[in-house]
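Worksheet: the structure to be examined is printed underneath.
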Amino acid sequence: MTGGLEEVKDDILSCKTITHCDSIIIAGGEPLLYPHLAEVVRFIRYHKMKPVILTSGEGLTWGLAAELKKAGLAKFHFHIDSGQTRPGWIGKNETELNALRQRFADLCWNLTGVQCGYNATIYRSTLKEIPEIVSWARRNIHKVQHCSLIAYRGIPLLDGLEYRVNGKTIDPSIVPNSSTTAGEISISTEEMCDLLSKHFNDIRPCAYLNGTSAIDTNKYLIIIHVGSRHQVYGALGAKTVECVQVFYHLFKGKYCAFLRNPVAGKRLFLLSLLDEEVKKALGRFCRAVMKNPLRVFDRLYVQTVHLQQPHEIVSGEVNLCDDCPNMMMHDGKLIFSCRLDEYRLLGGLITPVMSEKTREVHTPLLERIEP
Amino acid sequence: MSIREDSLYRFPWSKTDNPGGWVEVTDDCNLHCQACYRHRLEGHRSLVEVKEEILAHRRFRNCDRIAIAGGEPLIYPEIVEVVEFIARQNMKPMVLTNGKKLSWNLAVDLKKAGLFQFYFHVDSGQNRPGWTGKNEEELNALRQHYADLCWELGGVQCGYNTTVFRSTLKYIPGIVRWARKNVHKVQHLSLIAFRALPVGDGIEFMVNGERTNVGSFHTTSSNLDAISITSDEMFEMLERHFPRLRPCAYLNGTTAPESHKFVIILSLGSRHEVFGGAGAKTVEIDQAMYHLRHGRYSASMTNPKVGKKVFLLSLVDREVRKAFSSFLKLCAKHPSRLFDDIYVQAINLQQPNEIVDGEKNLCEGCVNMMLYQGEWIHSCLLDEYRLLGGPITARIPTSPAASSS
């Protein structure tokens, strides 16, 4: 959402009408700089959706956080990574930035009733540190409900690939995030998941969104941890996510973006009847209780880790998230929010055009099918 | 009353978890239909290639049903083998045909091979020998012929496609009335609004970012009104004749999400009477339970004879409750009706491939996607890829679909 308050409110209502959304992400720019932020949060809450603020956290005071909580804020999503040139944190690596993440997690914990999530852009140079970020998040499973690891993407500047907007060739170097280094913009969710699996033997993705043009890509890969403040017991499987979505939609008429209460309780283990992953988590919980019977009184929490591979060009076509949860209104139309600046800067969507020679490099899908 | 989304279920189908797949075995045909968007370029395709595509549908799209399309699939020499192959992969084979070449023996062979459903394309724009000049209501006799054939064959469902032109829109209540009389024999009726590329002053088409000429296309129209029938318009026309008709589910458009590309109406009835319909909650429960049980979504009821247990859904579905009430009233008048079999029948209103605000407005969660040169495409765009090398976008001074809605 961008623009004046009335325009923002119109966009919220349009999104609700068109997409039947469960949550609205207030993004920017930096939403905390917006003078009517509390009113926007209140408006979203009034319309029975969950307001989420995507913020760098700079400028977030206790007073402002309390005001936003009072307005009905459901979650902060703090964007923290080493590419932000953040005053006081320049030169710190992702592991060192966990101290900053801890500060905001503690703030939300003390605030109570407002969930805490993180976004981190992952570069080739910082990929090796994602186990440290996830390890920190797992230690804080009671305080941190969400962690999104977002692979860095940019427009590839390659020979034989040109870009057109409304039929006219454009100079792609004017677009921020254009890159001549293919390796830098090619981190996939599978690559991140493989790296995490090497460090955590209970990492199991349970849900995904595919790509629009390359449907075999996992644009969004979701891992849901279940654990107490002392230990992560395991993950949830596909059947649990399916049941939650199905029943939420049956009762509320919309799909669930995230549960309002991250304290899942032990009733969650009932799902072990149909979910192998939950069964494993229950096994670990029982073993922990046998070692220390006091663990039986621990609260159980769920925490989601999202691996994301955003807007990219695959085989000469733009590959977006199929059923993207981050669509937005622009000039009365619903668009992918990651493409907003193509409309704003260039007046339309970029169409990549591959030369015949470049096309030959692409492996057709059928050849990727294993016998 | 217009279609209200808050009373409809939006199918949860995506590109990789979708009940429908589409495989074209040939682009050759034995009829020359007015609205056909397929061009004769390649003839019959190799069986090996067709089988590879079927496997890709199972693997990449988690399909429950494969539509065997064309061209005319019944003139494809290995049609029985294709049906058998799909059934062996634990999917439901469906043949989209004009029916012209269908003999009793071929129908029996296809049934033995595991055919799930015939979908007969019958309409007045087909220049069909023996039926030229007949209107849509007169063509119900031909529809009856195929419905009776499937009924006698047993175990193979019967569906119809009809392209609806501006000139034939007034006849759709007559087609629906005929289908409702045959609720025990006919499981599907798709009324598909005619679409074509709009041509005229100021309209420019682009492919891969370059201007292109669409002169090679069969289906172009300078009459924007002729290509602007919407699902909503068809529903309003039907509602005037069947006031209790209620849509229950839909698919929206890709670029115009407020458009209803695919609207489903479910009727419940016996061979004597249609009692009413099913609502959104019934479809939602059916889709959710099928997916939980089978790991994929369903595009067709496995058994259209749903029985009286369907009325249990009246606990959660107001539309089913109304149908149940009609059933009970009928039974009070004629107690023997209590022993009637109860069937479900789907009427699909479709508003295909169209251009809105210069972009193609396709069905989001399309059930008819296909493979073309290793990439997944909407089957209605196939000839844009084959003839022009990619999907068309356009610059139109006033978008026909937008202005009509």
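How things are named: the first chain in the structure tokens is A, the next is B, and so on; residues count from 1 in each chain; ligands count from 1 in the order shown.
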* Within 9 Å of stretch 219-230 of chain A, counting only C-alpha atoms, which residues show up once you throw out same-chain ones fewer than 3 positions away? Write them as a ChimeraX atom specification, please. => /A:138-143,188-190,193,202-211,233-237,264,278,281,285,295,298-311,319-322
* To do: Could you pull out the residues in stretch 117-363 of chain A that DSSP calls strand (DSSP E or B) from the backbone, as a VMD selection string?
  => chain A and resid 117 to 122 146 to 151 155 to 156 161 to 165 168 to 170 178 to 179 205 to 211 218 to 227 232 to 235 263 301 to 308 312 to 314 317 to 319 321 327 to 330 333 to 336 350 to 354
Please identify every residue of chain B that has at least one atom no more than 8 Å from any atom of chain A, counting only C-alpha atoms, and report them as a CSV table (one decimal) with N, CA, C and O atoms, in the first residue's frame.
chain,number,residue,atom,x,y,z
B,14,SER,N,-4.6,-24.8,-8.3
B,14,SER,CA,-3.4,-24.0,-8.8
B,14,SER,C,-2.8,-24.7,-10.0
B,14,SER,O,-3.3,-25.7,-10.5
B,15,LYS,N,-1.6,-24.2,-10.4
B,15,LYS,CA,-1.0,-24.8,-11.6
B,15,LYS,C,-0.4,-26.2,-11.2
B,15,LYS,O,-0.4,-27.1,-12.1
B,16,THR,N,0.0,-26.4,-10.0
B,16,THR,CA,0.7,-27.7,-9.7
B,16,THR,C,-0.2,-28.6,-8.9
B,16,THR,O,0.2,-29.7,-8.6
B,52,GLU,N,4.1,-39.1,-23.0
B,52,GLU,CA,5.0,-38.3,-22.2
B,52,GLU,C,4.2,-37.2,-21.5
B,52,GLU,O,4.4,-36.8,-20.3
B,56,ALA,N,3.6,-36.3,-17.6
B,56,ALA,CA,4.0,-34.9,-17.0
B,56,ALA,C,2.8,-34.3,-16.3
B,56,ALA,O,3.0,-33.7,-15.2
B,60,PHE,N,3.6,-33.3,-12.6
B,60,PHE,CA,3.7,-31.8,-12.3
B,60,PHE,C,2.4,-31.2,-11.9
B,60,PHE,O,2.5,-30.1,-11.3
B,206,MET,N,0.7,-7.6,-29.7
B,206,MET,CA,2.2,-7.8,-29.5
B,206,MET,C,2.4,-9.2,-29.1
B,206,MET,O,1.6,-9.8,-28.3
B,208,ASN,N,5.9,-11.3,-27.6
B,208,ASN,CA,7.3,-11.2,-27.1
B,208,ASN,C,7.8,-9.7,-27.3
B,208,ASN,O,8.9,-9.5,-27.7
B,209,GLY,N,6.9,-8.8,-27.0
B,209,GLY,CA,7.3,-7.4,-27.0
B,209,GLY,C,7.4,-6.8,-28.4
B,209,GLY,O,7.7,-5.6,-28.5
B,210,GLU,N,7.0,-7.5,-29.4
B,210,GLU,CA,7.0,-6.9,-30.8
B,210,GLU,C,5.6,-6.9,-31.4
B,210,GLU,O,4.8,-7.9,-31.1
B,211,ARG,N,5.3,-5.9,-32.2
B,211,ARG,CA,4.0,-5.9,-32.9
B,211,ARG,C,3.9,-7.1,-33.8
B,211,ARG,O,4.8,-7.6,-34.4
B,255,THR,N,-6.1,-11.5,-15.0
B,255,THR,CA,-5.8,-10.0,-15.0
B,255,THR,C,-7.0,-9.2,-14.5
B,255,THR,O,-6.8,-8.1,-14.0
B,256,ALA,N,-8.2,-9.8,-14.6
B,256,ALA,CA,-9.4,-9.1,-14.1
B,256,ALA,C,-10.0,-10.0,-13.0
B,256,ALA,O,-10.9,-10.8,-13.3
B,257,PRO,N,-9.5,-10.0,-11.8
B,257,PRO,CA,-9.9,-11.0,-10.8
B,257,PRO,C,-11.3,-10.9,-10.4
B,257,PRO,O,-11.9,-11.8,-9.8
B,258,GLU,N,-12.0,-9.8,-10.8
B,258,GLU,CA,-13.4,-9.6,-10.5
B,258,GLU,C,-14.3,-10.4,-11.5
B,258,GLU,O,-15.5,-10.5,-11.3
B,281,LYS,N,-20.9,-24.5,0.3
B,281,LYS,CA,-20.3,-25.3,1.4
B,281,LYS,C,-20.2,-26.8,0.9
B,281,LYS,O,-19.3,-27.5,1.3
B,284,GLU,N,-17.2,-27.0,-1.3
B,284,GLU,CA,-16.0,-26.9,-0.5
B,284,GLU,C,-15.7,-28.2,0.3
B,284,GLU,O,-14.6,-28.7,0.3
B,285,ILE,N,-16.7,-28.8,0.9
B,285,ILE,CA,-16.5,-30.0,1.7
B,285,ILE,C,-16.1,-31.1,0.7
B,285,ILE,O,-15.2,-31.9,1.0
B,288,ALA,N,-12.4,-30.5,-0.3
B,288,ALA,CA,-11.5,-30.6,0.8
B,288,ALA,C,-11.4,-32.1,1.2
B,288,ALA,O,-10.3,-32.6,1.4
B,292,LEU,N,-8.1,-34.5,0.9
B,292,LEU,CA,-7.5,-35.1,2.2
B,292,LEU,C,-7.4,-36.6,1.9
B,292,LEU,O,-6.4,-37.2,2.4
B,373,GLN,N,6.0,-27.7,-26.2
B,373,GLN,CA,7.5,-27.6,-26.3
B,373,GLN,C,8.1,-27.5,-24.9
B,373,GLN,O,8.9,-26.6,-24.6
B,374,GLY,N,7.6,-28.3,-24.0
B,374,GLY,CA,8.2,-28.4,-22.7
B,374,GLY,C,7.7,-27.4,-21.7
B,374,GLY,O,8.2,-27.4,-20.5
B,375,GLU,N,6.8,-26.5,-22.0
B,375,GLU,CA,6.4,-25.5,-21.1
B,375,GLU,C,4.8,-25.6,-20.9
B,375,GLU,O,4.1,-26.0,-21.8
B,376,TRP,N,4.4,-25.3,-19.7
B,376,TRP,CA,3.0,-25.4,-19.4
B,376,TRP,C,2.3,-24.1,-19.9
B,376,TRP,O,2.7,-23.0,-19.6
Neighbour list for B:Glu319 as a JSON list (two decimals) with C-alpha atoms, in the first residue's frame, cut-off 9 Å, only C-alpha atoms, skip fewer than 3 positions in-chain:
[["chain", "number", "residue", "atom", "x", "y", "z"],
["B", 246, "ARG", "CA", -27.87, -20.62, -7.79],
["B", 276, "GLY", "CA", -32.84, -27.75, -6.32],
["B", 277, "GLY", "CA", -29.12, -27.24, -6.14],
["B", 278, "ALA", "CA", -26.07, -27.51, -3.98],
["B", 279, "GLY", "CA", -24.36, -24.48, -2.50],
["B", 280, "ALA", "CA", -20.80, -23.35, -1.86],
["B", 314, "SER", "CA", -28.51, -29.70, 4.41],
["B", 322, "LYS", "CA", -34.10, -26.17, 0.08],
["B", 323, "ALA", "CA", -33.65, -29.13, -2.30],
["B", 324, "PHE", "CA", -34.31, -31.55, 0.56]]
* Spatial neighbours of B:Ala299, 9 Å, only C-alpha atoms, chain gap at least 2 places, as a VMD selection string -> chain B and resid 18 to 20 64 to 65 287 297 301 367
Close residues, A:Leu60 itself excluded, 12 Å, only C-alpha atoms, min 3 positions apart in chain, as a short mmCIF file (atom, residue, chain, number, x, y, z; two decimals) with N, CA, C and O atoms, in the first residue's frame:
data_model
loop_
_atom_site.label_atom_id
_atom_site.label_comp_id
_atom_site.auth_asym_id
_atom_site.auth_seq_id
_atom_site.Cartn_x
_atom_site.Cartn_y
_atom_site.Cartn_z
N GLU A 30 9.24 2.66 4.50
CA GLU A 30 9.22 2.36 5.93
C GLU A 30 7.89 2.83 6.51
O GLU A 30 7.67 4.04 6.70
N PRO A 31 7.00 1.91 6.81
CA PRO A 31 5.67 2.30 7.30
C PRO A 31 5.70 3.09 8.60
O PRO A 31 4.80 3.90 8.84
N LEU A 32 6.74 2.89 9.42
CA LEU A 32 6.76 3.62 10.71
C LEU A 32 6.92 5.13 10.50
O LEU A 32 6.65 5.91 11.40
N LEU A 33 7.34 5.52 9.29
CA LEU A 33 7.46 6.95 8.99
C LEU A 33 6.12 7.57 8.61
O LEU A 33 5.97 8.79 8.53
N ILE A 53 2.89 -5.22 10.12
CA ILE A 53 3.76 -4.13 9.65
C ILE A 53 5.12 -4.69 9.26
O ILE A 53 5.76 -5.39 10.05
N LEU A 54 5.52 -4.41 8.03
CA LEU A 54 6.88 -4.75 7.57
C LEU A 54 7.76 -3.54 7.84
O LEU A 54 7.55 -2.49 7.24
N THR A 55 8.73 -3.70 8.69
CA THR A 55 9.53 -2.54 9.08
C THR A 55 10.99 -2.91 9.28
O THR A 55 11.32 -4.07 9.54
N SER A 56 11.83 -1.89 9.17
CA SER A 56 13.24 -2.11 9.51
C SER A 56 13.41 -2.04 11.02
O SER A 56 14.42 -2.44 11.57
N GLY A 57 12.41 -1.49 11.69
CA GLY A 57 12.46 -1.36 13.15
C GLY A 57 13.12 -0.06 13.59
O GLY A 57 12.99 0.31 14.76
N GLY A 63 6.66 3.42 23.08
CA GLY A 63 5.40 4.16 23.01
C GLY A 63 4.66 3.88 21.70
O GLY A 63 3.45 3.63 21.71
N LEU A 64 5.39 3.90 20.61
CA LEU A 64 4.76 3.64 19.30
C LEU A 64 4.26 2.19 19.23
O LEU A 64 3.15 1.93 18.74
N ALA A 65 5.08 1.27 19.71
CA ALA A 65 4.69 -0.15 19.68
C ALA A 65 3.40 -0.34 20.48
O ALA A 65 2.48 -1.05 20.05
N ALA A 66 3.34 0.30 21.65
CA ALA A 66 2.14 0.16 22.50
C ALA A 66 0.92 0.75 21.79
O ALA A 66 -0.18 0.19 21.85
N GLU A 67 1.12 1.87 21.11
CA GLU A 67 0.01 2.51 20.39
C GLU A 67 -0.49 1.60 19.26
O GLU A 67 -1.70 1.45 19.04
N LEU A 68 0.44 0.98 18.56
CA LEU A 68 0.07 0.09 17.44
C LEU A 68 -0.62 -1.16 17.97
O LEU A 68 -1.56 -1.68 17.36
N PHE A 76 4.57 -7.66 13.99
CA PHE A 76 5.66 -6.90 13.36
C PHE A 76 6.47 -7.89 12.53
O PHE A 76 6.72 -9.02 12.96
N PHE A 78 10.12 -7.64 11.11
CA PHE A 78 11.31 -6.80 11.05
C PHE A 78 12.24 -7.27 9.93
O PHE A 78 12.60 -8.45 9.89
N ARG A 103 16.78 -8.00 20.25
CA ARG A 103 16.25 -6.77 20.85
C ARG A 103 14.76 -6.59 20.49
O ARG A 103 13.93 -6.33 21.33
N PHE A 104 14.46 -6.78 19.20
CA PHE A 104 13.07 -6.61 18.77
C PHE A 104 12.18 -7.76 19.27
O PHE A 104 11.01 -7.56 19.59
N LEU A 107 11.33 -6.96 22.72
CA LEU A 107 10.35 -5.87 22.77
C LEU A 107 8.93 -6.44 22.56
O LEU A 107 8.01 -6.13 23.32
N CYS A 108 8.77 -7.30 21.55
CA CYS A 108 7.43 -7.86 21.26
C CYS A 108 6.98 -8.76 22.41
O CYS A 108 5.80 -8.79 22.77
#
* Asked: Could you pull out the alpha helix (DSSP H) residues of stretch 129-349 of chain B from DSSP and send them as a ChimeraX atom specification?
  -> /B:140-153,172-181,231-241,280-294,318-333
* Taking into account only C-alpha atoms, which residue in the set B:Asn353, B:Ser7, B:Asn140, B:Ser103 is nearest to B:Glu384? -> B:Asn353
* **Selection near B:Gly99, 12 Å with only C-alpha atoms, sequence-local residues under 5 positions removed, as a PyMOL selection string** => chain B and resi 29-31+72-75+104+106-107+118-123+126+128+142-143+145-147+149-150+158-161
Take the residues from that selection and put them in a file with N, CA, C and O atoms, as a tab-separated table (two decimals), in the first residue's frame.
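Final output, part.tsv:
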chain	number	residue	atom	x	y	z
B	29	CYS	N	-9.61	-32.52	-37.92
B	29	CYS	CA	-11.00	-32.61	-37.47
B	29	CYS	C	-11.91	-32.96	-38.64
B	29	CYS	O	-11.55	-32.74	-39.80
B	30	ASN	N	-13.07	-33.53	-38.33
B	30	ASN	CA	-14.03	-33.88	-39.38
B	30	ASN	C	-15.21	-32.90	-39.44
B	30	ASN	O	-16.21	-33.18	-40.07
B	31	LEU	N	-15.09	-31.80	-38.73
B	31	LEU	CA	-16.09	-30.72	-38.84
B	31	LEU	C	-15.35	-29.38	-38.99
B	31	LEU	O	-14.16	-29.29	-38.68
B	72	GLU	N	-10.26	-33.47	-33.50
B	72	GLU	CA	-11.28	-34.46	-33.13
B	72	GLU	C	-10.55	-35.74	-32.69
B	72	GLU	O	-9.99	-36.47	-33.53
B	73	PRO	N	-10.58	-36.04	-31.40
B	73	PRO	CA	-9.81	-37.18	-30.89
B	73	PRO	C	-10.28	-38.53	-31.44
B	73	PRO	O	-9.47	-39.46	-31.53
B	74	LEU	N	-11.55	-38.64	-31.81
B	74	LEU	CA	-12.03	-39.96	-32.26
B	74	LEU	C	-11.45	-40.36	-33.62
B	74	LEU	O	-11.52	-41.53	-34.00
B	75	ILE	N	-10.86	-39.40	-34.36
B	75	ILE	CA	-10.23	-39.80	-35.62
B	75	ILE	C	-8.74	-40.14	-35.40
B	75	ILE	O	-8.04	-40.51	-36.33
B	104	TRP	N	-21.33	-47.37	-31.86
B	104	TRP	CA	-21.56	-48.15	-30.64
B	104	TRP	C	-20.30	-48.95	-30.30
B	104	TRP	O	-19.87	-48.98	-29.14
B	106	LEU	N	-17.13	-48.43	-31.08
B	106	LEU	CA	-16.02	-47.59	-30.59
B	106	LEU	C	-16.31	-47.17	-29.14
B	106	LEU	O	-15.40	-47.17	-28.29
B	107	ALA	N	-17.57	-46.85	-28.88
B	107	ALA	CA	-17.94	-46.47	-27.50
B	107	ALA	C	-17.66	-47.61	-26.54
B	107	ALA	O	-17.13	-47.40	-25.44
B	118	PHE	N	-17.57	-38.94	-21.83
B	118	PHE	CA	-17.61	-38.27	-23.14
B	118	PHE	C	-18.06	-36.83	-22.89
B	118	PHE	O	-18.98	-36.59	-22.10
B	119	TYR	N	-17.44	-35.93	-23.58
B	119	TYR	CA	-17.89	-34.54	-23.54
B	119	TYR	C	-18.19	-34.16	-25.00
B	119	TYR	O	-17.28	-33.97	-25.78
B	120	PHE	N	-19.47	-34.12	-25.36
B	120	PHE	CA	-19.85	-33.87	-26.76
B	120	PHE	C	-19.98	-32.38	-27.02
B	120	PHE	O	-20.71	-31.69	-26.30
B	121	HIS	N	-19.27	-31.92	-28.04
B	121	HIS	CA	-19.44	-30.51	-28.43
B	121	HIS	C	-20.54	-30.45	-29.49
B	121	HIS	O	-20.38	-30.93	-30.61
B	122	VAL	N	-21.66	-29.88	-29.10
B	122	VAL	CA	-22.81	-29.78	-30.02
B	122	VAL	C	-23.31	-28.34	-29.97
B	122	VAL	O	-23.70	-27.84	-28.91
B	123	ASP	N	-23.28	-27.67	-31.11
B	123	ASP	CA	-23.95	-26.36	-31.18
B	123	ASP	C	-24.26	-26.02	-32.63
B	123	ASP	O	-23.83	-26.72	-33.56
B	126	GLN	N	-21.68	-25.39	-36.01
B	126	GLN	CA	-20.72	-26.44	-36.41
B	126	GLN	C	-20.80	-26.86	-37.88
B	126	GLN	O	-19.99	-27.67	-38.31
B	128	ARG	N	-22.74	-28.93	-39.15
B	128	ARG	CA	-22.74	-30.39	-39.02
B	128	ARG	C	-23.68	-31.00	-40.06
B	128	ARG	O	-24.87	-30.63	-40.12
B	142	LEU	N	-30.20	-34.11	-31.10
B	142	LEU	CA	-28.89	-34.73	-31.28
B	142	LEU	C	-28.25	-34.99	-29.91
B	142	LEU	O	-27.64	-36.05	-29.68
B	143	ARG	N	-28.39	-34.03	-29.02
B	143	ARG	CA	-27.86	-34.22	-27.66
B	143	ARG	C	-28.51	-35.45	-27.02
B	143	ARG	O	-27.85	-36.24	-26.36
B	145	HIS	N	-29.62	-38.05	-28.47
B	145	HIS	CA	-29.07	-39.27	-29.08
B	145	HIS	C	-27.83	-39.73	-28.33
B	145	HIS	O	-27.69	-40.90	-27.97
B	146	TYR	N	-26.92	-38.79	-28.08
B	146	TYR	CA	-25.68	-39.18	-27.39
B	146	TYR	C	-25.92	-39.49	-25.91
B	146	TYR	O	-25.28	-40.37	-25.34
B	147	ALA	N	-26.85	-38.77	-25.31
B	147	ALA	CA	-27.16	-39.04	-23.89
B	147	ALA	C	-27.72	-40.46	-23.75
B	147	ALA	O	-27.35	-41.20	-22.83
B	149	LEU	N	-27.16	-42.92	-25.81
B	149	LEU	CA	-26.07	-43.87	-26.08
B	149	LEU	C	-25.25	-44.11	-24.80
B	149	LEU	O	-24.97	-45.26	-24.43
B	150	CYS	N	-24.89	-43.05	-24.10
B	150	CYS	CA	-24.09	-43.20	-22.87
B	150	CYS	C	-24.88	-43.93	-21.79
B	150	CYS	O	-24.34	-44.73	-21.04
B	158	CYS	N	-21.70	-38.53	-19.25
B	158	CYS	CA	-22.04	-37.80	-20.47
B	158	CYS	C	-22.07	-36.29	-20.19
B	158	CYS	O	-22.78	-35.84	-19.28
B	159	GLY	N	-21.29	-35.56	-20.96
B	159	GLY	CA	-21.28	-34.11	-20.79
B	159	GLY	C	-21.39	-33.41	-22.14
B	159	GLY	O	-21.19	-34.04	-23.19
B	160	TYR	N	-21.73	-32.14	-22.11
B	160	TYR	CA	-21.87	-31.35	-23.35
B	160	TYR	C	-21.14	-30.03	-23.26
B	160	TYR	O	-21.14	-29.39	-22.21
B	161	ASN	N	-20.55	-29.65	-24.37
B	161	ASN	CA	-20.03	-28.30	-24.56
B	161	ASN	C	-20.88	-27.62	-25.61
B	161	ASN	O	-21.21	-28.24	-26.64
* By how many Å are atom CA of B:Trp178 and atom CA of B:Leu139 apart? -> 10.4 Å
* To do: List the neighbours of B:Arg271 out to 10 Å using only C-alpha atoms; skip same-chain residues closer than 6 positions along the sequence, and give me the result as a PyMOL selection string.
  => chain B and resi 180-185+340-343
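Distance check against B:Arg10 using only C-alpha atoms: of A:Leu349, A:Tyr255, A:Asp11, A:Gln145, the minimum falls on A:Tyr255.
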* Quick one: of A:Ala182, A:Ile90, A:Ile44, A:Val314, who's nearest to A:Ser14, counting only C-alpha atoms? -> A:Ile44
* To do: Quote the spacing between atom CA of A:Ser173 and atom CA of A:Ile155 in Å to one decimal place.
  => 8.6 Å
